[in-house]
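Novice: A single structure is presented below for examination.
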Amino acid sequence: MTMTSNKKVYTDEKILKKLMEDSNITIEDALENEMVINMGPQHPATHGVLRLLLRIDGETVVNCVPELGYLHRGYEKMAEEMSYIEFIPHTDRLDYTATMCNNVAYVLAVEKLLGIEAPKRAQYIRMMVAELSRIAAHMVAIGTYAMDVGAVTMVMWTFREREKIQNIFDRLAGARFTTSYTRIGGVASDADDETLKMVREFLDQFHPAFEEMDKLLLPNKIFINRLEGIGVLNKDDAIELGVTGPNLRASGVAYDVRRAKPYLFYDEIDFNIPVYTEGDCLARYFLRGDEVRESVKILYQILDKMPAGEVRANDPKHVLPHKTEIYTKMEELIHDFMIINYGINPPEGDVFFSAENPKGELGFYIVSNGKGKPWKLKIRSPSFCNLQAIAQLCKGAMISDVIAIIGSLDPVMGEADK
Amino acid sequence: MYQALYNLTSNTIISTLIVALVPLTLILLYALFAIWLERKVSAHMQDRLGPMRTGWHGWLQTIADMIKMIQKEDTIAADADKKLFNIAPVLVFAGSFAAFAAIPFSSAIIGSEIEVGLFYIIAISSLVVAGILMAGWSSNNKYSLLGAMRSAAQIVSYEIPTALVVLTMVMYTGTLSLDKISQQQTAYFWNWNLFGGPEFGLAKFILIPFMLVAFIIMFISTLAEVNRTPFDIPEAESELVAGYFTEYSGMKWGMFMLSEYANMFAVSSIVSILFLGGYQSPFGYLGNTLGIEWLVPIEQLFWFVSKTLFFVFVQMWLRWTLPRLRVDQLMTVCWKYLIPYAVANLIIVGIVTLL
C-alpha cells in the first residue's frame, strides 16, 4: 500500500452526488446493453481489410458503419506519374481475383482514348481471358461465401477449379496471378492451339464439377435457411446506391455492360443475363452460379468463332512492336525507344470506358493533355460502390448474417481501396 | 479396476494414481489419433492430401504440433483477468477428463464403477460450461465474450434434450450405472438398446422406432454439446475468429483443443453405451469360444473403441460437409423440435416399458 492509494479521493459530498446519480437510473438505462464491436480490419470473414463498426444489442446489429481505406495505395495518383503502358501491371492489383478483366478494361479505355482498335483475334482472346477470369473470380466468391456460412469444404473445391484457370493463364501470360497480359493495341502473346485446347478441356470438365458443388450446398436446408430473406436489397435502393454487377442483377435490374454498351465482340455472342428479383443473399448466390454457366456458354462460342490473324494492331506510334523485330529492324527499335521513354501521347481530351467485371461495372475515366502520362485517371471500382449498401443491409441483421451479407456482396478490398 | 490394483499393490496411493493415469493416457493417445484423423478426413473431403511429411501419411504431425505448442510463448493479454484466464483451460480440460472416470472401456477397464455413472457424467461435463464462460469473460475480448455467451446458452439448452433422452434410457434399463447398461445388452447386436433391448417380445418391436428417435435426438444434442458443426457457433471461425479461446496461445490453447477432442470421445461413448451396447461385441467373443478368458476384455476394448470412433468419425464427416446454423435457428432446433419430441418419446417409452 502506497501513500497515494490511501488518499481520499471521494469526499462525502462527492459520494452523495454519485448516489443521487445512480438513483436516477430509468428502465431504459437498464435495458441499455449495447456493445460496439470492431469487425475487421483483421477478421477471417471480411475478405481482406474491410472494417465494420457494429453496434450490437446481444446478437442483433443495431447499426453498422463501414470503414474503408486500409489497402489504399493511391493508384489514381500513381497513374499520373507513369506512362499508359506502365500502369497495366497496376490494374492486376485492383480486383486481384479477376486480373484479366481489369487488364482488358484498362487497355480498352486507353484504346478508346487513342481511337485505335485491336485486331479481331486479339479482341477475341481478350474476351476469352476476361470470361475465364470471370469464372475464376466467381469461384473465389462462391467458395469464400460458402466458407463464411460454415461450409469449409466448398472453398477447396472452387479453388481447385480456379487453379486450372490459372494454369491456362500461366501458359498464356507467363504468370498465374498477376497476369498483365493485355497491351495497348493487342495482347502480349498469341494464344496457341495448345492453350485453346486447354481451355476447351477445362470447360468440358468444369460443368460436372460445378454441378457437384451445387449438390453439396443446395440440398442442404441449413444453407438455404441461413441465406433466404437475409440482406434484402430492393431494386430502387440498389440503383440509388450505385450497386452494379451480380448484386444489382440479383435485385431485379437486368443491367449488364456487355449488353447495355457492347464492347469487344460481345454483340456477336449469344448469352443471357441472369436476373433474380428477390435481392437477398440466396439470390446473389444463385446469380453468381448462373453467371458462371453463362460464361461457359460464351467461352464455347469464342472458341468456335476464334478468328485467325495478328494479335497486335499495326500502329507503330502507339503499339509496342514485337521483341524480335526490335532487335533486327531500325524503325521498330526507334518506335520501341520512343514509346517506352516518352509514352504514347494520346490526343488531348477525356474518355470514360466501363466494362462488366465479375464484381460489377469497372470504369476508367482518363483525361489526357497530349503527354505521355495521363493527366488524371479515375477508377470507378465496383466493389467500392457495392460496399455502400452494406450499412443499410446489416441494420437489424444478426452477427452471423453480417458475415453472409459481406460474403454475398463479395467486395475485393484491393479494388475498393484502390 | 481400482479394486484389482489394490489387491495387487495393497497401496491406495499407487493404485489411485494408476487408475487416474489410464484414462489420461487413453485420452492423449486418442487425441493424437483423432487430430490426425480430423486432418485426414477434412483433407480427403476437400481433394487434398493433408499432412504427409511427418511419418507415414503424417501420423506424427500431432506430436510435432504438440512439441511446437509446448515451446510457444504463453502470452496473456494485458487487460485479461490473469487468474481466471489461467484457470479456465484447466477447468475445461478437467471437466472433460473427469467424465472418463466413469466410462467403461471394457468390463475390466473402468476407472470407477460408480452406481450413478450416467448422472455423474452429465453433472461433471457441466463444469466445461463454467470453464468456457471463465475463458470468455477473462479474455477481455468482445469476440471471446460473445463466443462464451453463445456457448453457455447452447450447452445449457442442449443439455435438456440430452437429459430427457438419458432419462428415457434410465427408465427403460432401470439403472444409472454405465457398466450395467452395457452388460444388459450382451450377446448379439439385436440385444442392443437401439434394436429394442435384450428382452424378446412384442415390446421390443414396438420400441424400435422410438429408440431410433431417441438415438437421433441424443446424437444431435451431443453434437451441439461439444460445439461441433453444424452447431459450432461458439467458435464460429468466420464470425467470432475463434470464439472463447481467441486470446489463448500455446499449450493453453492446446488444452482447449484436447478437451474438445476428449469431449467428442466422451459423448460418442455415451451414445454407444446407451444405444449400441457399449463394449459388447455384436457377434459374441472369440475369447469365450477358444476358452481364453483374458482375451474377452481386450476384445471388448476393441469393440468399444471402434464404435466410439465411428461416431467421432461421423462428427468429423458432418463438420466438413454442413454449413453452420445461426444462433436463433440453433435455439429453434432445440426448443421447438428436439425437446417436444424427446418428451413425447419419454412418455411413449415409459408407457411401453410399464406394459
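Chain lettering (A, B, ...) mirrors the order of the C-alpha cells, residue numbering begins at 1 for each chain separately, and ligand numbering begins at 1 in order of display.
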Hey, which bits of chain A sit within 7 Å of chain B, and for each residue what's the closest pair of atoms and how far apart in Å (one decimal), counting only C-alpha atoms, rows by chain and increasing number, as a tab-separated table?
Specialist:
residue	atom	partner	partner_atom	distance
A:Ile37	CA	B:Lys142	CA	6.8
A:His43	CA	B:Val241	CA	6.7
A:Pro44	CA	B:Ser238	CA	5.4
A:Ala45	CA	B:Ser238	CA	5.0
A:Asp148	CA	B:Ser238	CA	5.3
A:Val149	CA	B:Pro323	CA	5.8
A:Gly150	CA	B:Pro323	CA	4.1
A:Ala151	CA	B:Pro323	CA	4.2
A:Val152	CA	B:Trp320	CA	6.3
A:Thr153	CA	B:Gln46	CA	5.4
A:Met156	CA	B:Gln46	CA	5.6
A:Trp157	CA	B:Gln46	CA	6.3
A:Ile222	CA	B:Leu325	CA	6.2
A:Phe223	CA	B:Pro323	CA	6.0
A:Arg226	CA	B:Arg326	CA	6.7
A:Ser400	CA	B:Arg326	CA	6.2
A:Ile403	CA	B:Glu239	CA	6.5
Novice: What's around Ile224 in chain A at 10 Å? Count only C-alpha atoms, leave out sequence neighbours fewer than 4 positions away in its own chain, and write the answer as a ChimeraX atom specification.
Specialist: /A:217-220,228-229,281-282 /B:323
Novice: Can you write out the residues you just picked, keeping C-alpha atoms, as a PDB file, in the first residue's frame?
Specialist:
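Contents of again_33.pdb, freshly written:
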ATOM      1  CA  LEU A 217     -24.739 -26.952 -50.871  1.00  0.00           C
ATOM      2  CA  LEU A 218     -28.181 -26.609 -52.341  1.00  0.00           C
ATOM      3  CA  PRO A 219     -29.973 -29.687 -50.972  1.00  0.00           C
ATOM      4  CA  ASN A 220     -28.820 -28.534 -47.574  1.00  0.00           C
ATOM      5  CA  GLU A 228     -33.038 -16.878 -47.585  1.00  0.00           C
ATOM      6  CA  GLY A 229     -34.517 -13.447 -46.957  1.00  0.00           C
ATOM      7  CA  CYS A 281     -28.269 -13.313 -50.099  1.00  0.00           C
ATOM      8  CA  LEU A 282     -29.519 -16.527 -51.645  1.00  0.00           C
TER       9      LEU A 282
ATOM     10  CA  PRO B 323     -22.724 -25.166 -43.049  1.00  0.00           C
TER      11      PRO B 323
END
Novice: I'd like to know which of A:Glu111, A:Glu80, A:Asp92, A:Asp192 is closest to Phe352 in chain A, using only C-alpha atoms.
Specialist: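 Looking only at the distances to Phe352 in chain A, the closest residue turns out to be A:Glu111.
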Novice: Give the alpha helix (DSSP H) residues of range 18-254 of chain B, as DSSP finds them on the backbone, and put them as a PyMOL selection string.
Specialist: chain B and resi 18-45+61-71+82-98+117-124+127-138+142-173+178-184+202-225+237-240+250-254
Novice: Can you list, as a PyMOL selection string, every protein, DNA or RNA residue that comes within 8 Å of Ala135 in chain B when you count only C-alpha atoms, leaving out same-chain residues fewer than 2 positions away?
Specialist: chain B and resi 84-85+88-89+131-133+137-139+144+148+244-245
Novice: The selected residues should be written to file as a PDB file, in the first residue's frame (atoms: N, CA, C and O atoms).
Specialist:
ATOM      1  N   LEU B  84      -8.404 -15.970 -13.661  1.00  0.00           N
ATOM      2  CA  LEU B  84      -9.449 -16.710 -14.372  1.00  0.00           C
ATOM      3  C   LEU B  84      -8.917 -17.231 -15.696  1.00  0.00           C
ATOM      4  O   LEU B  84      -9.207 -18.342 -16.113  1.00  0.00           O
ATOM      5  N   PHE B  85      -8.105 -16.398 -16.341  1.00  0.00           N
ATOM      6  CA  PHE B  85      -7.560 -16.750 -17.647  1.00  0.00           C
ATOM      7  C   PHE B  85      -6.743 -18.036 -17.557  1.00  0.00           C
ATOM      8  O   PHE B  85      -6.786 -18.874 -18.450  1.00  0.00           O
ATOM      9  N   ALA B  88      -9.186 -21.212 -16.496  1.00  0.00           N
ATOM     10  CA  ALA B  88     -10.206 -21.656 -17.447  1.00  0.00           C
ATOM     11  C   ALA B  88      -9.819 -22.912 -18.246  1.00  0.00           C
ATOM     12  O   ALA B  88     -10.578 -23.876 -18.243  1.00  0.00           O
ATOM     13  N   PRO B  89      -8.643 -22.942 -18.902  1.00  0.00           N
ATOM     14  CA  PRO B  89      -8.348 -24.150 -19.677  1.00  0.00           C
ATOM     15  C   PRO B  89      -8.223 -25.399 -18.816  1.00  0.00           C
ATOM     16  O   PRO B  89      -8.617 -26.482 -19.230  1.00  0.00           O
ATOM     17  N   GLY B 131     -15.944 -23.327 -17.296  1.00  0.00           N
ATOM     18  CA  GLY B 131     -14.618 -23.020 -17.832  1.00  0.00           C
ATOM     19  C   GLY B 131     -14.696 -22.138 -19.055  1.00  0.00           C
ATOM     20  O   GLY B 131     -13.945 -21.171 -19.204  1.00  0.00           O
ATOM     21  N   ILE B 132     -15.651 -22.461 -19.921  1.00  0.00           N
ATOM     22  CA  ILE B 132     -15.793 -21.684 -21.156  1.00  0.00           C
ATOM     23  C   ILE B 132     -16.201 -20.251 -20.834  1.00  0.00           C
ATOM     24  O   ILE B 132     -15.650 -19.290 -21.384  1.00  0.00           O
ATOM     25  N   LEU B 133     -17.148 -20.100 -19.913  1.00  0.00           N
ATOM     26  CA  LEU B 133     -17.569 -18.749 -19.522  1.00  0.00           C
ATOM     27  C   LEU B 133     -16.401 -17.965 -18.928  1.00  0.00           C
ATOM     28  O   LEU B 133     -16.212 -16.787 -19.230  1.00  0.00           O
ATOM     29  N   TRP B 137     -14.934 -14.560 -20.452  1.00  0.00           N
ATOM     30  CA  TRP B 137     -15.012 -13.321 -19.670  1.00  0.00           C
ATOM     31  C   TRP B 137     -13.623 -12.780 -19.378  1.00  0.00           C
ATOM     32  O   TRP B 137     -13.374 -11.576 -19.506  1.00  0.00           O
ATOM     33  N   SER B 138     -12.698 -13.672 -18.998  1.00  0.00           N
ATOM     34  CA  SER B 138     -11.397 -13.184 -18.551  1.00  0.00           C
ATOM     35  C   SER B 138     -10.533 -12.699 -19.698  1.00  0.00           C
ATOM     36  O   SER B 138      -9.621 -11.923 -19.492  1.00  0.00           O
ATOM     37  N   SER B 139     -10.818 -13.155 -20.916  1.00  0.00           N
ATOM     38  CA  SER B 139     -10.001 -12.703 -22.049  1.00  0.00           C
ATOM     39  C   SER B 139     -10.134 -11.213 -22.279  1.00  0.00           C
ATOM     40  O   SER B 139      -9.273 -10.605 -22.887  1.00  0.00           O
ATOM     41  N   SER B 144     -14.475 -13.061 -27.699  1.00  0.00           N
ATOM     42  CA  SER B 144     -14.445 -14.160 -26.742  1.00  0.00           C
ATOM     43  C   SER B 144     -15.708 -14.173 -25.911  1.00  0.00           C
ATOM     44  O   SER B 144     -16.303 -15.225 -25.659  1.00  0.00           O
ATOM     45  N   ALA B 148     -18.387 -17.068 -25.632  1.00  0.00           N
ATOM     46  CA  ALA B 148     -18.678 -17.732 -24.365  1.00  0.00           C
ATOM     47  C   ALA B 148     -20.173 -17.705 -24.074  1.00  0.00           C
ATOM     48  O   ALA B 148     -20.757 -18.701 -23.637  1.00  0.00           O
ATOM     49  N   TYR B 244     -14.452 -18.367 -27.769  1.00  0.00           N
ATOM     50  CA  TYR B 244     -13.966 -18.101 -26.419  1.00  0.00           C
ATOM     51  C   TYR B 244     -12.462 -18.317 -26.252  1.00  0.00           C
ATOM     52  O   TYR B 244     -11.889 -17.829 -25.302  1.00  0.00           O
ATOM     53  N   PHE B 245     -11.795 -19.050 -27.138  1.00  0.00           N
ATOM     54  CA  PHE B 245     -10.347 -19.183 -26.944  1.00  0.00           C
ATOM     55  C   PHE B 245      -9.536 -18.376 -27.956  1.00  0.00           C
ATOM     56  O   PHE B 245      -8.418 -18.725 -28.285  1.00  0.00           O
TER      57      PHE B 245
END
Novice: Would you kindly return, as a PyMOL selection string, each protein, DNA or RNA residue with an atom no farther than 12 Å from any atom of range 368-379 of chain A, considering only C-alpha atoms and excluding same-chain residues fewer than 4 positions away?
Specialist: chain A and resi 74-87+90-91+94-95+102+105-106+109-110+112-114+317-318+338-355+361-364+383-385+415-418
Novice: Can you tell me, as a ChimeraX atom specification, what residues are no more than 10 Å from Tyr172 in chain B when counting only C-alpha atoms, ignoring any on the same chain fewer than 3 positions away?
Specialist: /B:166-169,175,193,196-197,346,349-350,352-354
Novice: How would the residues just picked look written out with C-alpha atoms as a PDB file, in the first residue's frame?
Specialist:
ATOM      1  CA  VAL B 166     -30.904 -40.193 -20.862  1.00  0.00           C
ATOM      2  CA  LEU B 167     -33.948 -40.259 -18.587  1.00  0.00           C
ATOM      3  CA  THR B 168     -35.780 -42.340 -21.157  1.00  0.00           C
ATOM      4  CA  MET B 169     -32.941 -44.804 -21.280  1.00  0.00           C
ATOM      5  CA  THR B 175     -30.060 -48.355 -13.825  1.00  0.00           C
ATOM      6  CA  ASN B 193     -30.999 -50.849 -26.956  1.00  0.00           C
ATOM      7  CA  GLY B 196     -35.342 -52.616 -28.602  1.00  0.00           C
ATOM      8  CA  GLY B 197     -33.146 -54.053 -25.889  1.00  0.00           C
ATOM      9  CA  LEU B 346     -40.095 -40.307 -22.957  1.00  0.00           C
ATOM     10  CA  VAL B 349     -41.268 -45.430 -23.986  1.00  0.00           C
ATOM     11  CA  GLY B 350     -42.410 -45.113 -20.391  1.00  0.00           C
ATOM     12  CA  VAL B 352     -44.465 -49.327 -23.321  1.00  0.00           C
ATOM     13  CA  THR B 353     -41.995 -50.275 -20.600  1.00  0.00           C
ATOM     14  CA  LEU B 354     -44.739 -50.246 -17.984  1.00  0.00           C
TER      15      LEU B 354
END
Novice: Just the residues within 8 Å of Gly245 in chain A, please, counting only C-alpha atoms, with nothing from its chain fewer than 5 positions along; format it as a PDB file with N, CA and C atoms, in the first residue's frame.
Specialist:
ATOM      1  N   TYR A 255     -29.186  -5.146 -65.841  1.00  0.00           N
ATOM      2  CA  TYR A 255     -28.177  -4.251 -66.417  1.00  0.00           C
ATOM      3  C   TYR A 255     -26.832  -4.947 -66.448  1.00  0.00           C
ATOM      4  N   ASP A 256     -26.337  -5.158 -67.644  1.00  0.00           N
ATOM      5  CA  ASP A 256     -25.046  -5.786 -67.825  1.00  0.00           C
ATOM      6  C   ASP A 256     -24.334  -4.980 -68.903  1.00  0.00           C
ATOM      7  N   GLU A 356     -17.821  -4.797 -67.934  1.00  0.00           N
ATOM      8  CA  GLU A 356     -18.507  -5.625 -66.944  1.00  0.00           C
ATOM      9  C   GLU A 356     -17.484  -6.551 -66.306  1.00  0.00           C
ATOM     10  N   ASN A 357     -17.161  -6.259 -65.063  1.00  0.00           N
ATOM     11  CA  ASN A 357     -16.238  -7.100 -64.306  1.00  0.00           C
ATOM     12  C   ASN A 357     -17.052  -8.077 -63.452  1.00  0.00           C
ATOM     13  N   PRO A 358     -16.393  -9.098 -62.924  1.00  0.00           N
ATOM     14  CA  PRO A 358     -17.154 -10.012 -62.049  1.00  0.00           C
ATOM     15  C   PRO A 358     -17.814  -9.299 -60.880  1.00  0.00           C
ATOM     16  N   LYS A 359     -17.223  -8.222 -60.399  1.00  0.00           N
ATOM     17  CA  LYS A 359     -17.796  -7.537 -59.244  1.00  0.00           C
ATOM     18  C   LYS A 359     -18.813  -6.479 -59.639  1.00  0.00           C
ATOM     19  N   GLY A 360     -18.787  -6.069 -60.882  1.00  0.00           N
ATOM     20  CA  GLY A 360     -19.698  -5.021 -61.317  1.00  0.00           C
ATOM     21  C   GLY A 360     -19.063  -4.212 -62.428  1.00  0.00           C
ATOM     22  N   GLU A 361     -19.512  -2.970 -62.548  1.00  0.00           N
ATOM     23  CA  GLU A 361     -19.049  -2.145 -63.661  1.00  0.00           C
ATOM     24  C   GLU A 361     -17.744  -1.453 -63.284  1.00  0.00           C
ATOM     25  N   PRO A 382     -16.166  -1.160 -58.819  1.00  0.00           N
ATOM     26  CA  PRO A 382     -17.478  -1.697 -58.429  1.00  0.00           C
ATOM     27  C   PRO A 382     -17.544  -2.092 -56.957  1.00  0.00           C
TER      28      PRO A 382
END
Novice: Name the residues in contact with Val305 in chain B at a cut-off of 12 Å, using only C-alpha atoms, excluding same-chain residues fewer than 2 positions from it; report them as number ranges by chain.
Specialist: B: 26-27, 30, 34, 103-106, 265-266, 268-270, 272-273, 278-281, 298-303, 307-313
Novice: Could you check how far CA of Ser151 in chain B sits from CA of Lys336 in chain B, in Å to one decimal?
Specialist: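 Taking CA of Ser151 in chain B as the start and CA of Lys336 in chain B as the end point, the length is 19.0 Å.
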Novice: Among range 226-401 of chain A, which ones does DSSP assign to strand (DSSP E or B) (computed from the backbone)? Answer as a list in words.
Specialist: Arg312, Gly349, Asp350, Val351, Phe352, Phe353, Ser354, Ala355, Glu356, Asn357, Gly360, Glu361, Leu362, Gly363, Phe364, Tyr365, Ile366, Val367, Ser368, Lys376, Leu377, Lys378, Ile379, Arg380 and Met398 of chain A
Novice: Using N, CA, C and O atoms, can you export the residues from the last selection as an mmCIF file, in the first residue's frame?
Specialist:
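That gives us result-v5.cif:
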data_model
loop_
_atom_site.group_PDB
_atom_site.id
_atom_site.type_symbol
_atom_site.label_atom_id
_atom_site.label_comp_id
_atom_site.auth_asym_id
_atom_site.auth_seq_id
_atom_site.Cartn_x
_atom_site.Cartn_y
_atom_site.Cartn_z
ATOM 1 N N ARG A 312 -1.607 -7.914 -82.583
ATOM 2 C CA ARG A 312 -1.256 -6.527 -82.260
ATOM 3 C C ARG A 312 -1.679 -5.649 -83.425
ATOM 4 O O ARG A 312 -1.484 -6.001 -84.585
ATOM 5 N N GLY A 349 -7.911 15.368 -74.464
ATOM 6 C CA GLY A 349 -9.327 15.052 -74.305
ATOM 7 C C GLY A 349 -9.542 14.095 -73.155
ATOM 8 O O GLY A 349 -8.601 13.737 -72.450
ATOM 9 N N ASP A 350 -10.777 13.734 -72.942
ATOM 10 C CA ASP A 350 -11.056 12.797 -71.866
ATOM 11 C C ASP A 350 -11.973 11.699 -72.374
ATOM 12 O O ASP A 350 -12.671 11.859 -73.374
ATOM 13 N N VAL A 351 -11.935 10.561 -71.671
ATOM 14 C CA VAL A 351 -12.724 9.432 -72.115
ATOM 15 C C VAL A 351 -13.143 8.630 -70.888
ATOM 16 O O VAL A 351 -12.429 8.568 -69.895
ATOM 17 N N PHE A 352 -14.357 8.095 -70.978
ATOM 18 C CA PHE A 352 -14.784 7.167 -69.924
ATOM 19 C C PHE A 352 -15.154 5.856 -70.589
ATOM 20 O O PHE A 352 -15.911 5.832 -71.564
ATOM 21 N N PHE A 353 -14.576 4.794 -70.065
ATOM 22 C CA PHE A 353 -14.931 3.489 -70.597
ATOM 23 C C PHE A 353 -15.198 2.562 -69.424
ATOM 24 O O PHE A 353 -14.470 2.567 -68.431
ATOM 25 N N SER A 354 -16.267 1.791 -69.537
ATOM 26 C CA SER A 354 -16.534 0.843 -68.462
ATOM 27 C C SER A 354 -16.775 -0.542 -69.041
ATOM 28 O O SER A 354 -17.272 -0.680 -70.153
ATOM 29 N N ALA A 355 -16.368 -1.535 -68.272
ATOM 30 C CA ALA A 355 -16.527 -2.921 -68.687
ATOM 31 C C ALA A 355 -17.210 -3.685 -67.570
ATOM 32 O O ALA A 355 -17.172 -3.278 -66.417
ATOM 33 N N GLU A 356 -17.821 -4.797 -67.934
ATOM 34 C CA GLU A 356 -18.507 -5.625 -66.944
ATOM 35 C C GLU A 356 -17.484 -6.551 -66.306
ATOM 36 O O GLU A 356 -17.012 -7.504 -66.914
ATOM 37 N N ASN A 357 -17.161 -6.259 -65.063
ATOM 38 C CA ASN A 357 -16.238 -7.100 -64.306
ATOM 39 C C ASN A 357 -17.052 -8.077 -63.452
ATOM 40 O O ASN A 357 -18.234 -7.868 -63.256
ATOM 41 N N GLY A 360 -18.787 -6.069 -60.882
ATOM 42 C CA GLY A 360 -19.698 -5.021 -61.317
ATOM 43 C C GLY A 360 -19.063 -4.212 -62.428
ATOM 44 O O GLY A 360 -18.183 -4.681 -63.135
ATOM 45 N N GLU A 361 -19.512 -2.970 -62.548
ATOM 46 C CA GLU A 361 -19.049 -2.145 -63.661
ATOM 47 C C GLU A 361 -17.744 -1.453 -63.284
ATOM 48 O O GLU A 361 -17.713 -0.581 -62.427
ATOM 49 N N LEU A 362 -16.665 -1.864 -63.937
ATOM 50 C CA LEU A 362 -15.368 -1.224 -63.693
ATOM 51 C C LEU A 362 -15.156 -0.159 -64.751
ATOM 52 O O LEU A 362 -15.141 -0.454 -65.945
ATOM 53 N N GLY A 363 -15.008 1.093 -64.310
ATOM 54 C CA GLY A 363 -14.857 2.176 -65.266
ATOM 55 C C GLY A 363 -13.533 2.892 -65.116
ATOM 56 O O GLY A 363 -12.987 3.004 -64.015
ATOM 57 N N PHE A 364 -12.975 3.341 -66.239
ATOM 58 C CA PHE A 364 -11.767 4.168 -66.203
ATOM 59 C C PHE A 364 -12.096 5.493 -66.862
ATOM 60 O O PHE A 364 -12.582 5.530 -67.995
ATOM 61 N N TYR A 365 -11.850 6.570 -66.156
ATOM 62 C CA TYR A 365 -12.022 7.903 -66.733
ATOM 63 C C TYR A 365 -10.632 8.490 -66.881
ATOM 64 O O TYR A 365 -9.931 8.691 -65.883
ATOM 65 N N ILE A 366 -10.217 8.721 -68.104
ATOM 66 C CA ILE A 366 -8.858 9.180 -68.352
ATOM 67 C C ILE A 366 -8.906 10.573 -68.981
ATOM 68 O O ILE A 366 -9.637 10.799 -69.947
ATOM 69 N N VAL A 367 -8.149 11.506 -68.414
ATOM 70 C CA VAL A 367 -8.014 12.832 -69.024
ATOM 71 C C VAL A 367 -6.584 12.938 -69.540
ATOM 72 O O VAL A 367 -5.632 12.692 -68.800
ATOM 73 N N SER A 368 -6.447 13.278 -70.793
ATOM 74 C CA SER A 368 -5.120 13.373 -71.399
ATOM 75 C C SER A 368 -4.838 14.818 -71.778
ATOM 76 O O SER A 368 -5.734 15.539 -72.219
ATOM 77 N N LYS A 376 -5.056 12.741 -65.589
ATOM 78 C CA LYS A 376 -5.888 12.259 -64.486
ATOM 79 C C LYS A 376 -6.443 10.897 -64.878
ATOM 80 O O LYS A 376 -6.845 10.698 -66.030
ATOM 81 N N LEU A 377 -6.411 9.971 -63.925
ATOM 82 C CA LEU A 377 -7.018 8.666 -64.182
ATOM 83 C C LEU A 377 -7.891 8.317 -63.002
ATOM 84 O O LEU A 377 -7.416 8.201 -61.881
ATOM 85 N N LYS A 378 -9.178 8.231 -63.262
ATOM 86 C CA LYS A 378 -10.124 7.925 -62.191
ATOM 87 C C LYS A 378 -10.642 6.508 -62.396
ATOM 88 O O LYS A 378 -10.992 6.134 -63.507
ATOM 89 N N ILE A 379 -10.638 5.762 -61.315
ATOM 90 C CA ILE A 379 -11.138 4.386 -61.402
ATOM 91 C C ILE A 379 -12.494 4.324 -60.719
ATOM 92 O O ILE A 379 -12.621 4.694 -59.550
ATOM 93 N N ARG A 380 -13.496 3.871 -61.458
ATOM 94 C CA ARG A 380 -14.803 3.643 -60.836
ATOM 95 C C ARG A 380 -14.827 2.168 -60.430
ATOM 96 O O ARG A 380 -15.053 1.279 -61.241
ATOM 97 N N MET A 398 -28.387 -10.215 -37.796
ATOM 98 C CA MET A 398 -27.614 -10.771 -36.691
ATOM 99 C C MET A 398 -26.149 -10.853 -37.107
ATOM 100 O O MET A 398 -25.832 -10.699 -38.286
#
Novice: Would you mind reading off the distance between CA of Glu161 in chain A and CA of Asp190 in chain A, one decimal, in Å?
Specialist: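 Distance reported for this atom pair: 23.7 Å.
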